[in-house]
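Peer 1: Let me give you the structure first, and then I'll get to my questions.
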Amino acid sequence: MRWPVAARAALALGIPLTVSTLLGQQTFGLLIGTGVFTVLYGAGRPLRTRLVLLLTVGLAMVASVFVGTLTTGNTLASIGVVVAVGMVATQICHALRLGAPGAFFFVLLAGVGGYLPAHGVHPGTLVAATAIGAAVAVAVAMSDLVVRPRGPQEDAVDAARTAVGTFVAAGSAASDAEQRSAAATNALHDAWTTLADGGDPVSRDARARALVADLHRIQHTYASHQLPGDVPDPELYAEVTEAPLGQPSVQHMLRRSVRWPTTALQAALRVGAGVATAGLIASIVGTDHVYWAMAATMLVLHTGLDRKNTVIRSVHRLIGTVLGLGLFLAVHALVDLGGPWVLVVALIVMQGTVELLVVRNYAAAVLFITPLALTIGTAGTGVGVGDVALERLLDTAIGITVAVAVPWLIFRRGTPGLVRAHLARVLASAAEVLDQLGGGTHRRPAGRAALRDLAVDMQELSGVVRRGLQDDPDGIAELLEVREATAWLGFTVLARGSSQIEPASGVEGAAWACRRMAAQLRQGVVPAAADVRAVRAAAGVLPTTD
């Protein structure tokens, strides 16, 4: 359900904007809106991880505005800072899997920080307003946990139950069984991750233990209704190996993300090239809001989408912006007639609507994002709304044109190498788990860390292959069979690591073979799928149904 999240987003903006308007300081209330964007992060996370995330995001929002203010009056310096913020934020958001809204708002605020002080807003006032907005946002974003302390865990388990129930009810012979199976697998993984982040698997609380037991029952139900063994994609199978391993530490995830090549690094470099290009073009054209062009490029590129979906997102962005500019003009026309309280109501409604729509329909969300961001981003400047609308249209056109071009120019032919690298990582991680199994240490911290690394490597491989099938299907065609065999090997090793109690015997050769094939892949040599299947047979006692 999105409406509770949308309500919190609207409330986070509504509280400071209402108070400031009552005090006759509506412009300051609009500036507070820069920090209020913090409320958009962390929804669905349990208490202990949500609070840390929100505090970190809030501080990063303030830091982004602050470094932006240091570049006021220097266009090239502003472009350089926005590019740097965009690259770092993209890298971190991908590495830590923060999800929507990702790195976009950090770039937006760095641009705002460079723009508003040049148009009459004192830098200290802007930074202070952002800090106040972030503080309000953190408090509001945590408010639902006062009523339901384990609400995120309960919702995640309920979502897994629903997804599994939908798959089981339709049966494995249904025409959409593959999609239902994939949805159930994702829901199970998300539920286990949420419980692990909330500390439920190690808690002595009765409700926490009940949630863990409930999720185990849901997973066993799914495992008993697996798809037939001749289904070609191993990821369509239930993740019967899933266990409450949790995610690796933040430091470990960041270290993993800087190994070349990774999706995080590629996305960050594309963002750097695209945002810099958009900023330079906008400055040459002579637009006043150079950062708008950079933000438009950032909004399309920061998610690391494949080329097809990049174009789709760009079209949505353009359509939403055009319609949103009409809404922007209409709202301000009503404000001229009805006064400042019309603006308060309009912004609160738009903030909530954005959060309600952004997951389901991006184009519709942009319709409301545009007037919301324009109103906040021009607060206190006195610029005419007509001029603002025309310039926003031009900057958006520049930004999305650059965003569409970048994936065709940067790493266009890099997909096969990226897939090979991730295949090698899965095999190397499988070898480490096999070593832990052979030594009987797989249930100790080092063994659990090895299992977590293997699970994360397999998830990353899955994402890389999905993007590769969109961007370069011919280039990765020769890798698909070995990828399938490698995925089955990974599932088998995970399953044995989760179920084995005593030290495993006879896995040394399988671990050596995994490392040998990983080394071959790093050298550009693709091992035969039959060799990977043979290693799988040697590595586990589970049935080899591929």
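Within each chain, counting starts at residue 1; across the structure tokens, chains are named A, B, ... in the order shown, with ligands numbered 1 upward in that order.
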Tell me which protein, DNA and RNA residues are within 7 Å of Gly439 (chain A), counting only C-alpha atoms, leaving out same-chain ones fewer than 3 positions away, and put them as a list in words.

Peer 2: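 Residues near the query, excluding close chain neighbours: Asp435, Gln436 and Pro503 of chain A.
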
Peer 1: Write out as a ChimeraX atom specification the residues lying within 12 Å of region 451-454 of chain A, counting only C-alpha atoms and excluding same-chain residues fewer than 2 positions away.

Peer 2: /A:193,196,241-249,252-253,256,422-437,441-449,456-461,486-487,489-499

Peer 1: Report, in Å with one decimal, the straight-line distance from CA of Gly111 (chain A) to CA of Ser283 (chain A).

Peer 2: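 Separating CA of Gly111 (chain A) from CA of Ser283 (chain A) is a distance of 13.2 Å.
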
Peer 1: Quick one: residues within 7 Å of Ile410 (chain A), only C-alpha atoms, excluding same-chain residues fewer than 3 positions away - as a PyMOL selection string?

Peer 2: chain A and resi 270+406-407

Peer 1: Find the spatial neighbours of Leu343 (chain A), counting only C-alpha atoms, within a cut-off of 9 Å - ignore same-chain residues fewer than 6 positions away - and output them as number ranges by chain.

Peer 2: A: 331-332, 334-335

Peer 1: Could you check how far CA of Thr56 (chain A) sits from CA of Arg255 (chain A), in Å to one decimal?

Peer 2: 18.4 Å

Peer 1: Using only C-alpha atoms, can you tell me which of A:Ile32, A:Phe104, A:Ser78, A:Gly124 comes closest to Val136 (chain A)?

Peer 2: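 Using only C-alpha atoms, the shortest distance to Val136 (chain A) belongs to A:Ile32.
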
Peer 1: List the neighbours of Ala530 (chain A) out to 9 Å using only C-alpha atoms; skip same-chain residues closer than 5 positions along the sequence, and give me the result as a PyMOL selection string.

Peer 2: chain A and resi 482+485+535

Peer 1: Output the selection as a compact mmCIF listing (two decimals), in the first residue's frame - N, CA and C atoms for each residue.

Peer 2:
# COMPACT_ATOMS: atom_id res chain seq x y z
N VAL A 482 25.97 -21.07 -20.21
CA VAL A 482 26.84 -21.21 -19.05
C VAL A 482 26.30 -20.39 -17.88
N ALA A 485 23.72 -22.68 -16.27
CA ALA A 485 24.38 -23.72 -15.48
C ALA A 485 25.00 -23.15 -14.21
N VAL A 535 30.46 -29.86 -12.20
CA VAL A 535 30.88 -29.35 -10.89
C VAL A 535 29.68 -29.32 -9.95

Peer 1: Need to verify the contact set: Arg148 (chain A), 12 Å, only C-alpha atoms, exclusion of same-chain residues closer than 5 positions in sequence. Can you return it as a VMD selection string?

Peer 2: chain A and resid 44 46 to 47 142 to 143 153 to 155

Peer 1: Limited to all heavy atoms, could you put the picked residues into a file as a tab-separated table (two decimals), in the first residue's frame?

Peer 2:
chain	number	residue	atom	x	y	z
A	44	GLY	N	9.18	1.14	4.27
A	44	GLY	CA	9.18	-0.32	4.26
A	44	GLY	C	10.34	-0.95	5.00
A	44	GLY	O	10.38	-2.18	5.15
A	46	PRO	N	12.63	-1.75	8.40
A	46	PRO	CA	12.39	-1.85	9.85
A	46	PRO	C	13.07	-0.73	10.61
A	46	PRO	O	13.89	0.02	10.06
A	46	PRO	CB	12.98	-3.22	10.21
A	46	PRO	CG	13.99	-3.49	9.15
A	46	PRO	CD	13.47	-2.85	7.90
A	47	LEU	N	12.74	-0.63	11.88
A	47	LEU	CA	13.12	0.53	12.69
A	47	LEU	C	14.61	0.83	12.65
A	47	LEU	O	15.01	1.94	12.33
A	47	LEU	CB	12.65	0.32	14.14
A	47	LEU	CG	12.78	1.52	15.09
A	47	LEU	CD1	11.71	1.43	16.17
A	47	LEU	CD2	14.15	1.58	15.76
A	142	MET	N	9.43	8.27	10.57
A	142	MET	CA	9.50	7.23	11.60
A	142	MET	C	8.17	7.06	12.34
A	142	MET	O	8.02	6.14	13.15
A	142	MET	CB	10.59	7.58	12.62
A	142	MET	CG	12.00	7.63	12.05
A	142	MET	SD	12.61	6.02	11.48
A	142	MET	CE	12.69	5.13	13.04
A	143	SER	N	7.21	7.94	12.09
A	143	SER	CA	6.01	8.00	12.91
A	143	SER	C	5.17	6.73	12.87
A	143	SER	O	4.55	6.36	13.87
A	143	SER	CB	5.16	9.20	12.50
A	143	SER	OG	4.75	9.08	11.14
A	153	GLN	N	8.09	-5.56	8.94
A	153	GLN	CA	8.27	-7.00	8.89
A	153	GLN	C	6.94	-7.70	8.61
A	153	GLN	O	6.87	-8.63	7.80
A	153	GLN	CB	8.87	-7.52	10.20
A	153	GLN	CG	10.28	-7.02	10.49
A	153	GLN	CD	10.32	-5.80	11.38
A	153	GLN	OE1	9.64	-4.81	11.12
A	153	GLN	NE2	11.11	-5.86	12.45
A	154	GLU	N	5.88	-7.27	9.29
A	154	GLU	CA	4.57	-7.90	9.08
A	154	GLU	C	4.10	-7.70	7.64
A	154	GLU	O	3.57	-8.62	7.02
A	154	GLU	CB	3.56	-7.29	10.06
A	154	GLU	CG	3.85	-7.65	11.52
A	154	GLU	CD	3.03	-6.81	12.48
A	154	GLU	OE1	2.31	-5.90	12.01
A	154	GLU	OE2	3.11	-7.06	13.71
A	155	ASP	N	4.31	-6.49	7.11
A	155	ASP	CA	3.89	-6.22	5.73
A	155	ASP	C	4.69	-7.05	4.74
A	155	ASP	O	4.14	-7.54	3.74
A	155	ASP	CB	4.06	-4.73	5.42
A	155	ASP	CG	3.09	-3.86	6.20
A	155	ASP	OD1	2.08	-4.39	6.71
A	155	ASP	OD2	3.34	-2.64	6.29

Peer 1: I want to know what sits within 12 Å of Ala208 (chain A), based on only C-alpha atoms, with residues of the same chain fewer than 6 positions away left out; could you give that as a PyMOL selection string?

Peer 2: chain A and resi 149-154+157+194-196+198-202+214-215

Peer 1: Got time to write the residues from that selection, all heavy atoms, as a compact mmCIF listing (two decimals), in the first residue's frame?

Peer 2:
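Listed below is the output, again.txt:
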# COMPACT_ATOMS: atom_id res chain seq x y z
N PRO A 149 5.40 -1.10 15.59
CA PRO A 149 6.85 -1.24 15.63
C PRO A 149 7.40 -2.29 14.68
O PRO A 149 8.50 -2.15 14.17
CB PRO A 149 7.12 -1.62 17.10
CG PRO A 149 5.93 -1.11 17.84
CD PRO A 149 4.78 -1.26 16.91
N ARG A 150 6.64 -3.34 14.44
CA ARG A 150 7.08 -4.38 13.52
C ARG A 150 6.26 -4.36 12.22
O ARG A 150 6.16 -5.35 11.52
CB ARG A 150 6.99 -5.77 14.17
CG ARG A 150 8.12 -6.05 15.14
CD ARG A 150 8.28 -7.55 15.41
NE ARG A 150 9.55 -7.80 16.05
CZ ARG A 150 9.79 -7.64 17.34
NH1 ARG A 150 8.81 -7.22 18.13
NH2 ARG A 150 10.97 -7.89 17.85
N GLY A 151 5.69 -3.21 11.93
CA GLY A 151 4.87 -3.08 10.74
C GLY A 151 5.58 -3.48 9.45
O GLY A 151 5.02 -4.23 8.64
N PRO A 152 6.83 -3.01 9.20
CA PRO A 152 7.51 -3.38 7.96
C PRO A 152 7.71 -4.89 7.83
O PRO A 152 7.55 -5.46 6.75
CB PRO A 152 8.86 -2.65 8.07
CG PRO A 152 8.56 -1.47 8.94
CD PRO A 152 7.57 -1.97 9.95
N GLN A 153 8.09 -5.56 8.94
CA GLN A 153 8.27 -7.00 8.89
C GLN A 153 6.94 -7.70 8.61
O GLN A 153 6.87 -8.63 7.80
CB GLN A 153 8.87 -7.52 10.20
CG GLN A 153 10.28 -7.02 10.49
CD GLN A 153 10.32 -5.80 11.38
OE1 GLN A 153 9.64 -4.81 11.12
NE2 GLN A 153 11.11 -5.86 12.45
N GLU A 154 5.88 -7.27 9.29
CA GLU A 154 4.57 -7.90 9.08
C GLU A 154 4.10 -7.70 7.64
O GLU A 154 3.57 -8.62 7.02
CB GLU A 154 3.56 -7.29 10.06
CG GLU A 154 3.85 -7.65 11.52
CD GLU A 154 3.03 -6.81 12.48
OE1 GLU A 154 2.31 -5.90 12.01
OE2 GLU A 154 3.11 -7.06 13.71
N VAL A 157 6.13 -10.02 5.26
CA VAL A 157 5.68 -11.41 5.34
C VAL A 157 4.31 -11.57 4.67
O VAL A 157 4.07 -12.55 3.94
CB VAL A 157 5.64 -11.89 6.80
CG1 VAL A 157 4.99 -13.27 6.91
CG2 VAL A 157 7.05 -11.92 7.39
N THR A 194 14.08 -8.13 5.09
CA THR A 194 13.45 -7.23 6.05
C THR A 194 13.52 -7.79 7.47
O THR A 194 13.83 -7.07 8.43
CB THR A 194 11.99 -6.96 5.66
OG1 THR A 194 11.94 -6.42 4.33
CG2 THR A 194 11.33 -5.99 6.62
N LEU A 195 13.25 -9.09 7.61
CA LEU A 195 13.33 -9.70 8.94
C LEU A 195 14.76 -9.66 9.46
O LEU A 195 14.99 -9.39 10.65
CB LEU A 195 12.83 -11.14 8.89
CG LEU A 195 11.33 -11.35 8.63
CD1 LEU A 195 10.98 -12.83 8.75
CD2 LEU A 195 10.48 -10.53 9.57
N ALA A 196 15.71 -9.95 8.60
CA ALA A 196 17.11 -9.93 9.03
C ALA A 196 17.54 -8.52 9.44
O ALA A 196 18.21 -8.32 10.46
CB ALA A 196 18.02 -10.46 7.93
N GLY A 198 15.65 -6.25 10.59
CA GLY A 198 14.97 -5.91 11.83
C GLY A 198 15.45 -6.71 13.02
O GLY A 198 15.00 -6.47 14.16
N GLY A 199 16.34 -7.68 12.80
CA GLY A 199 16.86 -8.49 13.90
C GLY A 199 15.93 -9.58 14.37
O GLY A 199 16.18 -10.22 15.41
N ASP A 200 14.86 -9.86 13.63
CA ASP A 200 13.87 -10.84 14.08
C ASP A 200 14.42 -12.27 14.19
O ASP A 200 14.04 -12.98 15.14
CB ASP A 200 12.66 -10.80 13.15
CG ASP A 200 11.91 -9.49 13.25
OD1 ASP A 200 12.41 -8.48 12.70
OD2 ASP A 200 10.85 -9.45 13.88
N PRO A 201 15.26 -12.73 13.25
CA PRO A 201 15.74 -14.12 13.35
C PRO A 201 16.54 -14.42 14.62
O PRO A 201 16.64 -15.57 15.03
CB PRO A 201 16.61 -14.28 12.09
CG PRO A 201 16.06 -13.29 11.13
CD PRO A 201 15.67 -12.12 11.97
N VAL A 202 17.13 -13.40 15.24
CA VAL A 202 17.92 -13.62 16.46
C VAL A 202 17.23 -13.05 17.69
O VAL A 202 17.80 -13.06 18.78
CB VAL A 202 19.33 -13.00 16.31
CG1 VAL A 202 20.10 -13.70 15.20
CG2 VAL A 202 19.24 -11.50 16.03
N ASP A 214 6.47 -18.12 10.53
CA ASP A 214 5.45 -17.95 9.50
C ASP A 214 6.07 -17.89 8.11
O ASP A 214 5.58 -18.50 7.16
CB ASP A 214 4.67 -16.67 9.79
CG ASP A 214 3.34 -16.61 9.05
OD1 ASP A 214 2.92 -17.65 8.49
OD2 ASP A 214 2.70 -15.54 9.05
N LEU A 215 7.18 -17.17 8.01
CA LEU A 215 7.84 -17.05 6.71
C LEU A 215 8.43 -18.38 6.27
O LEU A 215 8.42 -18.72 5.09
CB LEU A 215 8.92 -15.97 6.76
CG LEU A 215 9.57 -15.61 5.42
CD1 LEU A 215 8.51 -15.23 4.39
CD2 LEU A 215 10.56 -14.47 5.60

Peer 1: So how far away is CA of Val212 (chain A) from CA of Ala139 (chain A), in Å?

Peer 2: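 Going from CA of Ala139 (chain A) over to CA of Val212 (chain A) covers 28.5 Å.
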
Peer 1: Find the residue from A:Gln26, A:Ser181, A:Ser64, A:Gln470 that sits nearest to Asn309 (chain A); use only C-alpha atoms when measuring.

Peer 2: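 Going through A:Gln26, A:Ser181, A:Ser64, A:Gln470 one by one, the smallest distance to Asn309 (chain A) is for A:Gln470.
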